[in-house]
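Pasted below: upload_6.pdb, PDB, C-alpha atoms.
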ATOM      1  CA  MET A1384      -5.427 -64.103  53.846  1.00  0.00           C
ATOM      2  CA  ARG A1385      -7.118 -61.018  52.392  1.00  0.00           C
ATOM      3  CA  ILE A1386      -9.695 -61.077  55.228  1.00  0.00           C
ATOM      4  CA  ARG A1387      -6.962 -60.814  57.844  1.00  0.00           C
ATOM      5  CA  LEU A1388      -4.933 -58.188  56.011  1.00  0.00           C
ATOM      6  CA  ARG A1389      -7.660 -55.598  55.447  1.00  0.00           C
ATOM      7  CA  PRO A1390      -8.127 -54.415  59.101  1.00  0.00           C
ATOM      8  CA  TRP A1391      -4.350 -54.368  59.603  1.00  0.00           C
ATOM      9  CA  LEU A1392      -3.736 -52.337  56.445  1.00  0.00           C
ATOM     10  CA  PHE A1393      -6.567 -49.987  57.418  1.00  0.00           C
ATOM     11  CA  ARG A1394      -4.963 -49.274  60.812  1.00  0.00           C
ATOM     12  CA  VAL A1395      -1.510 -48.804  59.300  1.00  0.00           C
ATOM     13  CA  GLY A1396      -2.912 -46.407  56.697  1.00  0.00           C
ATOM     14  CA  HIS A1397      -4.509 -44.231  59.375  1.00  0.00           C
ATOM     15  CA  GLU A1398      -1.340 -44.256  61.476  1.00  0.00           C
ATOM     16  CA  VAL A1399       0.764 -43.142  58.500  1.00  0.00           C
ATOM     17  CA  ARG A1400      -1.764 -40.415  57.670  1.00  0.00           C
ATOM     18  CA  ASP A1401      -1.690 -39.157  61.274  1.00  0.00           C
ATOM     19  CA  LEU A1402       2.113 -38.936  61.147  1.00  0.00           C
ATOM     20  CA  LEU A1403       2.256 -37.065  57.855  1.00  0.00           C
ATOM     21  CA  LEU A1404      -0.749 -34.741  58.189  1.00  0.00           C
ATOM     22  CA  PRO A1405      -1.785 -32.440  61.051  1.00  0.00           C
ATOM     23  CA  ALA A1406      -4.816 -33.613  63.001  1.00  0.00           C
ATOM     24  CA  VAL A1407      -7.910 -31.622  62.088  1.00  0.00           C
ATOM     25  CA  CYS A1408     -11.357 -31.535  63.641  1.00  0.00           C
ATOM     26  CA  PRO A1409     -13.210 -34.674  62.450  1.00  0.00           C
ATOM     27  CA  LEU A1410     -16.449 -32.685  62.105  1.00  0.00           C
ATOM     28  CA  CYS A1411     -15.647 -29.342  60.433  1.00  0.00           C
ATOM     29  CA  ARG A1412     -12.305 -30.447  58.898  1.00  0.00           C
ATOM     30  CA  GLU A1413     -11.155 -26.833  59.091  1.00  0.00           C
ATOM     31  CA  THR A1414      -9.504 -26.258  62.471  1.00  0.00           C
ATOM     32  CA  ALA A1415      -7.076 -28.241  64.583  1.00  0.00           C
ATOM     33  CA  ALA A1416      -8.470 -31.246  66.407  1.00  0.00           C
ATOM     34  CA  GLY A1417      -9.104 -31.059  70.128  1.00  0.00           C
ATOM     35  CA  ALA A1418      -7.727 -33.337  72.830  1.00  0.00           C
ATOM     36  CA  ASP A1419      -7.338 -37.012  71.878  1.00  0.00           C
ATOM     37  CA  GLY A1420      -8.254 -36.249  68.265  1.00  0.00           C
ATOM     38  CA  GLY A1421     -11.735 -35.070  69.189  1.00  0.00           C
ATOM     39  CA  PRO A1422     -13.727 -32.125  67.826  1.00  0.00           C
ATOM     40  CA  CYS A1423     -12.298 -28.618  67.923  1.00  0.00           C
ATOM     41  CA  VAL A1424     -13.390 -26.116  70.557  1.00  0.00           C
ATOM     42  CA  GLY A1425     -16.095 -24.670  68.315  1.00  0.00           C
ATOM     43  CA  CYS A1426     -17.640 -28.018  67.380  1.00  0.00           C
ATOM     44  CA  GLY A1427     -17.163 -29.401  70.879  1.00  0.00           C
ATOM     45  CA  ALA A1428     -19.223 -26.565  72.352  1.00  0.00           C
ATOM     46  CA  GLY A1429     -22.355 -28.191  70.967  1.00  0.00           C
ATOM     47  CA  LEU A1430     -21.639 -31.569  72.573  1.00  0.00           C
ATOM     48  CA  ALA A1431     -23.525 -31.289  75.859  1.00  0.00           C
ATOM     49  CA  GLU A1432     -23.635 -34.388  78.066  1.00  0.00           C
ATOM     50  CA  ILE A1433     -26.845 -35.964  79.310  1.00  0.00           C
ATOM     51  CA  PRO A1434     -27.885 -34.049  82.447  1.00  0.00           C
ATOM     52  CA  ALA A1435     -28.516 -35.718  85.780  1.00  0.00           C
ATOM     53  CA  PRO A1436     -30.545 -37.477  86.949  1.00  0.00           C
ATOM     54  CA  CYS A1437     -29.938 -40.260  84.443  1.00  0.00           C
ATOM     55  CA  CYS A1438     -32.161 -43.277  83.922  1.00  0.00           C
ATOM     56  CA  PRO A1439     -30.400 -46.470  85.076  1.00  0.00           C
ATOM     57  CA  GLY A1440     -32.344 -48.448  82.495  1.00  0.00           C
ATOM     58  CA  CYS A1441     -30.948 -46.718  79.412  1.00  0.00           C
ATOM     59  CA  GLY A1442     -28.511 -44.042  80.609  1.00  0.00           C
ATOM     60  CA  GLY A1443     -30.616 -41.276  79.101  1.00  0.00           C
ATOM     61  CA  ALA A1444     -32.101 -38.180  80.707  1.00  0.00           C
ATOM     62  CA  ASN A1445     -34.933 -38.687  83.169  1.00  0.00           C
ATOM     63  CA  ASN A1446     -37.194 -35.732  83.864  1.00  0.00           C
ATOM     64  CA  GLY A1447     -39.876 -37.759  85.642  1.00  0.00           C
ATOM     65  CA  VAL A1448     -40.393 -38.464  89.327  1.00  0.00           C
ATOM     66  CA  LEU A1449     -39.768 -42.205  88.990  1.00  0.00           C
ATOM     67  CA  GLU A1450     -36.340 -43.812  88.910  1.00  0.00           C
ATOM     68  CA  ARG A1451     -36.643 -44.898  85.265  1.00  0.00           C
ATOM     69  CA  CYS A1452     -37.586 -42.816  82.262  1.00  0.00           C
ATOM     70  CA  ALA A1453     -40.850 -43.166  80.356  1.00  0.00           C
ATOM     71  CA  ASP A1454     -39.187 -45.131  77.525  1.00  0.00           C
ATOM     72  CA  CYS A1455     -37.842 -47.755  79.947  1.00  0.00           C
ATOM     73  CA  LEU A1456     -41.136 -48.004  81.825  1.00  0.00           C
ATOM     74  CA  GLU A1457     -42.922 -48.767  78.557  1.00  0.00           C
ATOM     75  CA  ALA A1458     -40.236 -51.076  77.144  1.00  0.00           C
ATOM     76  CA  GLU A1459     -39.648 -54.748  77.814  1.00  0.00           C
ATOM     77  CA  PRO A1460     -37.607 -55.370  80.996  1.00  0.00           C
ATOM     78  CA  ARG A1461     -33.950 -54.589  80.370  1.00  0.00           C
ATOM     79  CA  PRO A1462     -31.689 -57.625  80.884  1.00  0.00           C
ATOM     80  CA  TRP A1463     -28.741 -55.546  82.082  1.00  0.00           C
ATOM     81  CA  ALA A1464     -28.314 -54.288  85.625  1.00  0.00           C
ATOM     82  CA  LEU A1465     -27.318 -50.702  84.799  1.00  0.00           C
ATOM     83  CA  ALA A1466     -26.860 -48.544  81.709  1.00  0.00           C
ATOM     84  CA  VAL A1467     -24.671 -45.440  81.487  1.00  0.00           C
ATOM     85  CA  SER A1468     -24.395 -43.125  78.497  1.00  0.00           C
ATOM     86  CA  VAL A1469     -22.601 -39.850  77.865  1.00  0.00           C
ATOM     87  CA  PHE A1470     -24.381 -37.820  75.183  1.00  0.00           C
ATOM     88  CA  PRO A1471     -27.869 -37.497  73.743  1.00  0.00           C
ATOM     89  CA  PHE A1472     -27.812 -38.860  70.198  1.00  0.00           C
ATOM     90  CA  ASN A1473     -28.569 -35.688  68.256  1.00  0.00           C
ATOM     91  CA  GLY A1474     -26.920 -32.868  66.333  1.00  0.00           C
ATOM     92  CA  PRO A1475     -23.110 -32.856  66.520  1.00  0.00           C
ATOM     93  CA  VAL A1476     -23.075 -36.082  68.544  1.00  0.00           C
ATOM     94  CA  ARG A1477     -24.917 -37.917  65.789  1.00  0.00           C
ATOM     95  CA  ALA A1478     -22.335 -36.565  63.337  1.00  0.00           C
ATOM     96  CA  CYS A1479     -19.527 -37.862  65.592  1.00  0.00           C
ATOM     97  CA  ILE A1480     -21.038 -41.332  65.843  1.00  0.00           C
ATOM     98  CA  HIS A1481     -21.713 -41.527  62.118  1.00  0.00           C
ATOM     99  CA  GLN A1482     -18.171 -40.366  61.422  1.00  0.00           C
ATOM    100  CA  LEU A1483     -16.824 -43.106  63.689  1.00  0.00           C
ATOM    101  CA  LYS A1484     -19.175 -45.777  62.418  1.00  0.00           C
ATOM    102  CA  TYR A1485     -19.762 -45.218  58.725  1.00  0.00           C
ATOM    103  CA  ARG A1486     -17.183 -42.763  57.402  1.00  0.00           C
ATOM    104  CA  SER A1487     -13.880 -44.303  58.464  1.00  0.00           C
ATOM    105  CA  GLY A1488     -13.338 -42.027  61.445  1.00  0.00           C
ATOM    106  CA  PRO A1489     -11.550 -44.194  64.053  1.00  0.00           C
ATOM    107  CA  GLU A1490      -9.637 -41.122  65.263  1.00  0.00           C
ATOM    108  CA  LEU A1491     -12.760 -40.210  67.262  1.00  0.00           C
ATOM    109  CA  ALA A1492     -12.549 -43.374  69.372  1.00  0.00           C
ATOM    110  CA  PRO A1493      -9.931 -42.179  71.926  1.00  0.00           C
ATOM    111  CA  TRP A1494     -11.831 -38.970  72.626  1.00  0.00           C
ATOM    112  CA  LEU A1495     -15.220 -40.673  72.948  1.00  0.00           C
ATOM    113  CA  ALA A1496     -13.772 -43.475  75.073  1.00  0.00           C
ATOM    114  CA  ALA A1497     -12.175 -40.965  77.451  1.00  0.00           C
ATOM    115  CA  ARG A1498     -15.566 -39.305  77.981  1.00  0.00           C
ATOM    116  CA  MET A1499     -17.186 -42.722  78.462  1.00  0.00           C
ATOM    117  CA  THR A1500     -14.572 -43.742  81.034  1.00  0.00           C
ATOM    118  CA  THR A1501     -15.082 -40.539  83.010  1.00  0.00           C
ATOM    119  CA  ARG A1502     -18.852 -40.937  82.879  1.00  0.00           C
ATOM    120  CA  TRP A1503     -18.647 -44.503  84.162  1.00  0.00           C
ATOM    121  CA  ARG A1504     -16.455 -43.441  87.071  1.00  0.00           C
ATOM    122  CA  HIS A1505     -19.039 -40.821  88.052  1.00  0.00           C
ATOM    123  CA  CYS A1506     -22.259 -42.746  87.343  1.00  0.00           C
ATOM    124  CA  GLY A1507     -21.336 -46.424  87.251  1.00  0.00           C
ATOM    125  CA  GLY A1508     -22.217 -49.060  89.795  1.00  0.00           C
ATOM    126  CA  GLY A1509     -18.708 -49.876  90.955  1.00  0.00           C
ATOM    127  CA  LEU A1510     -15.809 -51.388  89.047  1.00  0.00           C
ATOM    128  CA  PRO A1511     -16.733 -54.421  86.887  1.00  0.00           C
ATOM    129  CA  ASP A1512     -14.467 -57.410  86.339  1.00  0.00           C
ATOM    130  CA  ALA A1513     -13.897 -56.950  82.607  1.00  0.00           C
ATOM    131  CA  VAL A1514     -14.942 -54.978  79.525  1.00  0.00           C
ATOM    132  CA  VAL A1515     -16.637 -56.572  76.503  1.00  0.00           C
ATOM    133  CA  PRO A1516     -17.253 -54.910  73.113  1.00  0.00           C
ATOM    134  CA  VAL A1517     -20.438 -55.652  71.173  1.00  0.00           C
ATOM    135  CA  PRO A1518     -19.080 -57.755  68.284  1.00  0.00           C
ATOM    136  CA  LEU A1519     -19.630 -57.144  64.588  1.00  0.00           C
ATOM    137  CA  HIS A1520     -20.065 -59.952  62.103  1.00  0.00           C
ATOM    138  CA  TRP A1521     -16.601 -60.786  60.786  1.00  0.00           C
ATOM    139  CA  PHE A1522     -17.487 -59.844  57.198  1.00  0.00           C
ATOM    140  CA  LYS A1523     -18.995 -56.503  58.196  1.00  0.00           C
ATOM    141  CA  GLU A1524     -15.879 -55.762  60.253  1.00  0.00           C
ATOM    142  CA  TRP A1525     -13.717 -56.643  57.275  1.00  0.00           C
ATOM    143  CA  LEU A1526     -15.682 -54.302  55.010  1.00  0.00           C
ATOM    144  CA  ARG A1527     -15.511 -51.443  57.528  1.00  0.00           C
ATOM    145  CA  GLY A1528     -11.891 -52.093  58.484  1.00  0.00           C
ATOM    146  CA  TYR A1529     -12.585 -52.110  62.237  1.00  0.00           C
ATOM    147  CA  ASN A1530     -15.261 -52.627  64.877  1.00  0.00           C
ATOM    148  CA  GLN A1531     -16.066 -49.233  66.400  1.00  0.00           C
ATOM    149  CA  ALA A1532     -17.332 -50.852  69.612  1.00  0.00           C
ATOM    150  CA  GLU A1533     -14.014 -52.666  70.017  1.00  0.00           C
ATOM    151  CA  LEU A1534     -12.057 -49.425  69.490  1.00  0.00           C
ATOM    152  CA  LEU A1535     -14.087 -47.809  72.275  1.00  0.00           C
ATOM    153  CA  ALA A1536     -13.979 -50.847  74.571  1.00  0.00           C
ATOM    154  CA  THR A1537     -10.199 -51.179  74.246  1.00  0.00           C
ATOM    155  CA  ARG A1538      -9.714 -47.601  75.449  1.00  0.00           C
ATOM    156  CA  VAL A1539     -12.333 -47.904  78.192  1.00  0.00           C
ATOM    157  CA  ALA A1540     -10.694 -51.080  79.481  1.00  0.00           C
ATOM    158  CA  ALA A1541      -7.303 -49.346  79.553  1.00  0.00           C
ATOM    159  CA  GLY A1542      -8.787 -46.319  81.311  1.00  0.00           C
ATOM    160  CA  LEU A1543     -10.406 -48.467  83.991  1.00  0.00           C
ATOM    161  CA  ALA A1544      -7.388 -50.830  84.212  1.00  0.00           C
ATOM    162  CA  LEU A1545      -9.575 -53.827  83.361  1.00  0.00           C
ATOM    163  CA  PRO A1546      -9.083 -56.792  81.025  1.00  0.00           C
ATOM    164  CA  LEU A1547     -10.765 -56.767  77.622  1.00  0.00           C
ATOM    165  CA  LEU A1548     -12.658 -59.971  76.864  1.00  0.00           C
ATOM    166  CA  HIS A1549     -14.310 -61.312  73.705  1.00  0.00           C
ATOM    167  CA  PRO A1550     -16.606 -64.060  75.020  1.00  0.00           C
ATOM    168  CA  ILE A1551     -19.286 -63.730  72.320  1.00  0.00           C
ATOM    169  CA  ARG A1552     -19.363 -63.435  68.544  1.00  0.00           C
ATOM    170  CA  ARG A1553     -21.912 -62.608  65.872  1.00  0.00           C
ATOM    171  CA  ARG A1554     -23.366 -65.867  64.734  1.00  0.00           C
ATOM    172  CA  ARG A1555     -24.735 -64.576  61.451  1.00  0.00           C
ATOM    173  CA  TRP A1556     -24.992 -61.495  59.259  1.00  0.00           C
ATOM    174  CA  THR A1557     -27.894 -59.242  60.274  1.00  0.00           C
ATOM    175  CA  ARG A1558     -29.557 -56.358  58.470  1.00  0.00           C
ATOM    176  CA  GLN A1559     -28.632 -52.818  59.518  1.00  0.00           C
ATOM    177  CA  GLN A1560     -30.520 -52.142  62.754  1.00  0.00           C
ATOM    178  CA  ALA A1561     -30.921 -48.391  62.199  1.00  0.00           C
ATOM    179  CA  LYS A1562     -33.324 -49.005  59.316  1.00  0.00           C
ATOM    180  CA  LEU A1563     -35.633 -51.381  61.233  1.00  0.00           C
ATOM    181  CA  HIS A1564     -38.564 -50.929  63.604  1.00  0.00           C
ATOM    182  CA  PHE A1565     -38.243 -52.280  67.158  1.00  0.00           C
ATOM    183  CA  LYS A1566     -39.987 -55.639  66.616  1.00  0.00           C
ATOM    184  CA  ASP A1567     -38.064 -56.147  63.398  1.00  0.00           C
ATOM    185  CA  ARG A1568     -34.827 -55.397  65.292  1.00  0.00           C
ATOM    186  CA  LEU A1569     -35.621 -58.111  67.826  1.00  0.00           C
ATOM    187  CA  ASN A1570     -36.399 -60.625  65.083  1.00  0.00           C
ATOM    188  CA  ASN A1571     -33.279 -59.560  63.213  1.00  0.00           C
ATOM    189  CA  LEU A1572     -31.132 -60.356  66.270  1.00  0.00           C
ATOM    190  CA  ALA A1573     -32.821 -63.578  67.352  1.00  0.00           C
ATOM    191  CA  ASP A1574     -29.979 -65.976  68.230  1.00  0.00           C
ATOM    192  CA  GLY A1575     -27.609 -63.479  66.633  1.00  0.00           C
ATOM    193  CA  PHE A1576     -24.842 -63.967  69.237  1.00  0.00           C
ATOM    194  CA  ALA A1577     -22.999 -67.111  70.250  1.00  0.00           C
ATOM    195  CA  VAL A1578     -20.518 -67.872  73.042  1.00  0.00           C
ATOM    196  CA  ARG A1579     -16.977 -68.543  71.938  1.00  0.00           C
ATOM    197  CA  PRO A1580     -15.552 -71.943  72.876  1.00  0.00           C
ATOM    198  CA  ARG A1581     -13.633 -71.890  76.175  1.00  0.00           C
ATOM    199  CA  ALA A1582     -14.507 -68.234  76.751  1.00  0.00           C
ATOM    200  CA  ARG A1583     -17.276 -68.555  79.301  1.00  0.00           C
ATOM    201  CA  PRO A1584     -17.400 -65.530  81.666  1.00  0.00           C
ATOM    202  CA  ASP A1585     -18.565 -67.535  84.680  1.00  0.00           C
ATOM    203  CA  GLY A1586     -19.411 -65.356  87.687  1.00  0.00           C
ATOM    204  CA  LEU A1587     -18.059 -62.115  86.204  1.00  0.00           C
ATOM    205  CA  HIS A1588     -19.558 -58.633  86.208  1.00  0.00           C
ATOM    206  CA  LEU A1589     -19.078 -57.503  82.607  1.00  0.00           C
ATOM    207  CA  LEU A1590     -19.220 -53.994  81.181  1.00  0.00           C
ATOM    208  CA  LEU A1591     -20.686 -54.235  77.668  1.00  0.00           C
ATOM    209  CA  VAL A1592     -19.579 -51.349  75.414  1.00  0.00           C
ATOM    210  CA  ASP A1593     -21.165 -50.003  72.236  1.00  0.00           C
ATOM    211  CA  ASP A1594     -21.283 -46.683  70.405  1.00  0.00           C
ATOM    212  CA  VAL A1595     -24.989 -45.858  70.734  1.00  0.00           C
ATOM    213  CA  MET A1596     -28.169 -47.195  72.320  1.00  0.00           C
ATOM    214  CA  THR A1597     -31.409 -46.527  70.488  1.00  0.00           C
ATOM    215  CA  THR A1598     -34.062 -49.148  71.210  1.00  0.00           C
ATOM    216  CA  GLY A1599     -31.529 -51.296  73.051  1.00  0.00           C
ATOM    217  CA  ALA A1600     -32.302 -54.413  70.981  1.00  0.00           C
ATOM    218  CA  THR A1601     -28.667 -55.143  70.063  1.00  0.00           C
ATOM    219  CA  LEU A1602     -27.437 -54.611  73.625  1.00  0.00           C
ATOM    220  CA  ALA A1603     -30.270 -56.738  74.997  1.00  0.00           C
ATOM    221  CA  ALA A1604     -29.397 -59.624  72.681  1.00  0.00           C
ATOM    222  CA  ALA A1605     -25.697 -59.402  73.557  1.00  0.00           C
ATOM    223  CA  THR A1606     -26.456 -59.103  77.290  1.00  0.00           C
ATOM    224  CA  THR A1607     -28.725 -62.147  77.179  1.00  0.00           C
ATOM    225  CA  ALA A1608     -25.999 -64.161  75.459  1.00  0.00           C
ATOM    226  CA  LEU A1609     -23.475 -63.155  78.152  1.00  0.00           C
ATOM    227  CA  LEU A1610     -25.859 -64.026  80.996  1.00  0.00           C
ATOM    228  CA  ARG A1611     -26.643 -67.383  79.430  1.00  0.00           C
ATOM    229  CA  ALA A1612     -22.892 -67.956  79.131  1.00  0.00           C
ATOM    230  CA  GLY A1613     -22.540 -67.616  82.910  1.00  0.00           C
ATOM    231  CA  ALA A1614     -21.908 -63.917  83.548  1.00  0.00           C
ATOM    232  CA  ARG A1615     -23.092 -62.889  87.019  1.00  0.00           C
ATOM    233  CA  ARG A1616     -24.056 -59.369  85.977  1.00  0.00           C
ATOM    234  CA  VAL A1617     -23.900 -57.198  82.864  1.00  0.00           C
ATOM    235  CA  SER A1618     -23.787 -53.409  82.777  1.00  0.00           C
ATOM    236  CA  VAL A1619     -23.914 -51.307  79.630  1.00  0.00           C
ATOM    237  CA  LEU A1620     -21.841 -48.275  78.623  1.00  0.00           C
ATOM    238  CA  THR A1621     -22.468 -46.318  75.417  1.00  0.00           C
ATOM    239  CA  ALA A1622     -21.223 -43.060  73.977  1.00  0.00           C
ATOM    240  CA  ALA A1623     -24.725 -41.863  73.110  1.00  0.00           C
ATOM    241  CA  ARG A1624     -28.362 -42.550  73.916  1.00  0.00           C
ATOM    242  CA  GLY A1625     -30.880 -42.137  71.088  1.00  0.00           C
TER     243      GLY A1625
END

Write-out of the structure in structure tokens:
Amino acid sequence: MRIRLRPWLFRVGHEVRDLLLPAVCPLCRETAAGADGGPCVGCGAGLAEIPAPCCPGCGGANNGVLERCADCLEAEPRPWALAVSVFPFNGPVRACIHQLKYRSGPELAPWLAARMTTRWRHCGGGLPDAVVPVPLHWFKEWLRGYNQAELLATRVAAGLALPLLHPIRRRRWTRQQAKLHFKDRLNNLADGFAVRPRARPDGLHLLLVDDVMTTGATLAAATTALLRAGARRVSVLTAARG
């Protein structure tokens, strides 16, 4: 019972806090928050989006003459059809993501998701059939109080008027990816996702949502699980590209 209550109590606590206290910038904590609870004007000025042209393999900047960036040309083939990202993962953006992910900052999700939705409309490959968040292991989600990818995906799905699906789950606890090298990340995620019973996405184009893409190992593992489950196509949308 305690496992189920923690995320609910966490959400209620934040809602009560938002009603009683004025919304402040989640980064500087000194001035009023911007639109949708995002950073204030001063902090937001440092949040420049990834310039075009963008690499379809990772969503990052591409200054070369080829369609894909140097990182994607050197990496293993990406299992997804298209990747779109909004910000480079540095400076204030890194602070935003860390606030959302590690410091109990779910108030950033609506603002980030709105930017992600707009970016997909401008750079995406058409409208997918449904949106899917990258799942957390249930115990890690319980400890954190929420899954940041699900917070983003819920808002993106609403913004695109698409259903939100949960066809895969984390099969086992995995070590924190940010502290691992690329090969260790792949080994860490081997068979890390499983298809939920009676949730097969047969023939669907799915938009897989996460907060940040670094090496792409987590997104690749989740994409592979969705394709094996019957998805026709998987595209990826992230708030930031590292």

Which centre and which edge lengths, in Å to one decimal, describe the axis-aligned box that holds all listed atoms of range 1501-1515 of chain A after 5 Å is added on each side, as lines of an AutoDock Vina configuration file?
center_x = -18.1
center_y = -49.0
center_z = 83.7
size_x = 18.4
size_y = 26.9
size_z = 24.5

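CA of Gly1575 in chain A is positioned 13.4 Å from CA of Arg1611 in chain A.
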
Shell of 9 Å around Ala1603 in chain A, all atoms listed in the file, local chain residues under 5 positions omitted, as a PyMOL selection string: chain A and resi 1461-1463+1608

Ref. answer, residues at most 12 Å from (-26.3, -31.2, 68.2) with only C-alpha atoms, as a PyMOL selection string: chain A and resi 1410+1426-1432+1470-1480+1623

Range 1464-1494 of chain A near range 1517-1537 of chain A within 9 Å: what's each residue's closest atom pair and its distance in Å to one decimal, counting only C-alpha atoms, ordered by chain then ascending residue number, as CSV?
residue,atom,partner,partner_atom,distance
A:Leu1483,CA,A:Gln1531,CA,6.7
A:Lys1484,CA,A:Gln1531,CA,6.1
A:Tyr1485,CA,A:Arg1527,CA,7.6
A:Arg1486,CA,A:Arg1527,CA,8.8
A:Ser1487,CA,A:Arg1527,CA,7.4
A:Pro1489,CA,A:Gln1531,CA,7.2
A:Ala1492,CA,A:Leu1535,CA,5.5
A:Pro1493,CA,A:Leu1535,CA,7.0

Gap from CA of Leu1510 in chain A to CA of Val1448 in chain A - Å, one decimal: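 So the two atoms, CA of Leu1510 in chain A and CA of Val1448 in chain A, lie 27.8 Å apart.
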
One-decimal distance in Å that lies between CA of Thr1607 in chain A and CA of Ala1577 in chain A: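 Straight-line distance from CA of Ala1577 in chain A to CA of Thr1607 in chain A works out to 10.3 Å.
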
Could you pull the residues within 12 Å of range 1412-1415 of chain A, counting all atoms listed in the file, minus those fewer than 4 positions along the same chain, as a PDB file with C-alpha atoms, in the frame of the given file?
ATOM      1  CA  LEU A1404      -0.749 -34.741  58.189  1.00  0.00           C
ATOM      2  CA  PRO A1405      -1.785 -32.440  61.051  1.00  0.00           C
ATOM      3  CA  ALA A1406      -4.816 -33.613  63.001  1.00  0.00           C
ATOM      4  CA  VAL A1407      -7.910 -31.622  62.088  1.00  0.00           C
ATOM      5  CA  CYS A1408     -11.357 -31.535  63.641  1.00  0.00           C
ATOM      6  CA  ASP A1419      -7.338 -37.012  71.878  1.00  0.00           C
ATOM      7  CA  GLY A1420      -8.254 -36.249  68.265  1.00  0.00           C
ATOM      8  CA  GLY A1421     -11.735 -35.070  69.189  1.00  0.00           C
ATOM      9  CA  PRO A1422     -13.727 -32.125  67.826  1.00  0.00           C
ATOM     10  CA  CYS A1423     -12.298 -28.618  67.923  1.00  0.00           C
ATOM     11  CA  VAL A1424     -13.390 -26.116  70.557  1.00  0.00           C
ATOM     12  CA  GLY A1425     -16.095 -24.670  68.315  1.00  0.00           C
ATOM     13  CA  CYS A1426     -17.640 -28.018  67.380  1.00  0.00           C
ATOM     14  CA  GLY A1427     -17.163 -29.401  70.879  1.00  0.00           C
ATOM     15  CA  GLN A1482     -18.171 -40.366  61.422  1.00  0.00           C
ATOM     16  CA  GLY A1488     -13.338 -42.027  61.445  1.00  0.00           C
TER      17      GLY A1488
END

Expansion of the PyMOL selection byres ((chain A and resi 1451) around 9) into residues, as a tab-separated table (two decimals) with C-alpha atoms, in the coordinates of the input:
chain	number	residue	atom	x	y	z
A	1437	CYS	CA	-29.94	-40.26	84.44
A	1438	CYS	CA	-32.16	-43.28	83.92
A	1439	PRO	CA	-30.40	-46.47	85.08
A	1440	GLY	CA	-32.34	-48.45	82.50
A	1441	CYS	CA	-30.95	-46.72	79.41
A	1445	ASN	CA	-34.93	-38.69	83.17
A	1447	GLY	CA	-39.88	-37.76	85.64
A	1448	VAL	CA	-40.39	-38.46	89.33
A	1449	LEU	CA	-39.77	-42.20	88.99
A	1450	GLU	CA	-36.34	-43.81	88.91
A	1452	CYS	CA	-37.59	-42.82	82.26
A	1453	ALA	CA	-40.85	-43.17	80.36
A	1454	ASP	CA	-39.19	-45.13	77.53
A	1455	CYS	CA	-37.84	-47.76	79.95
A	1456	LEU	CA	-41.14	-48.00	81.82
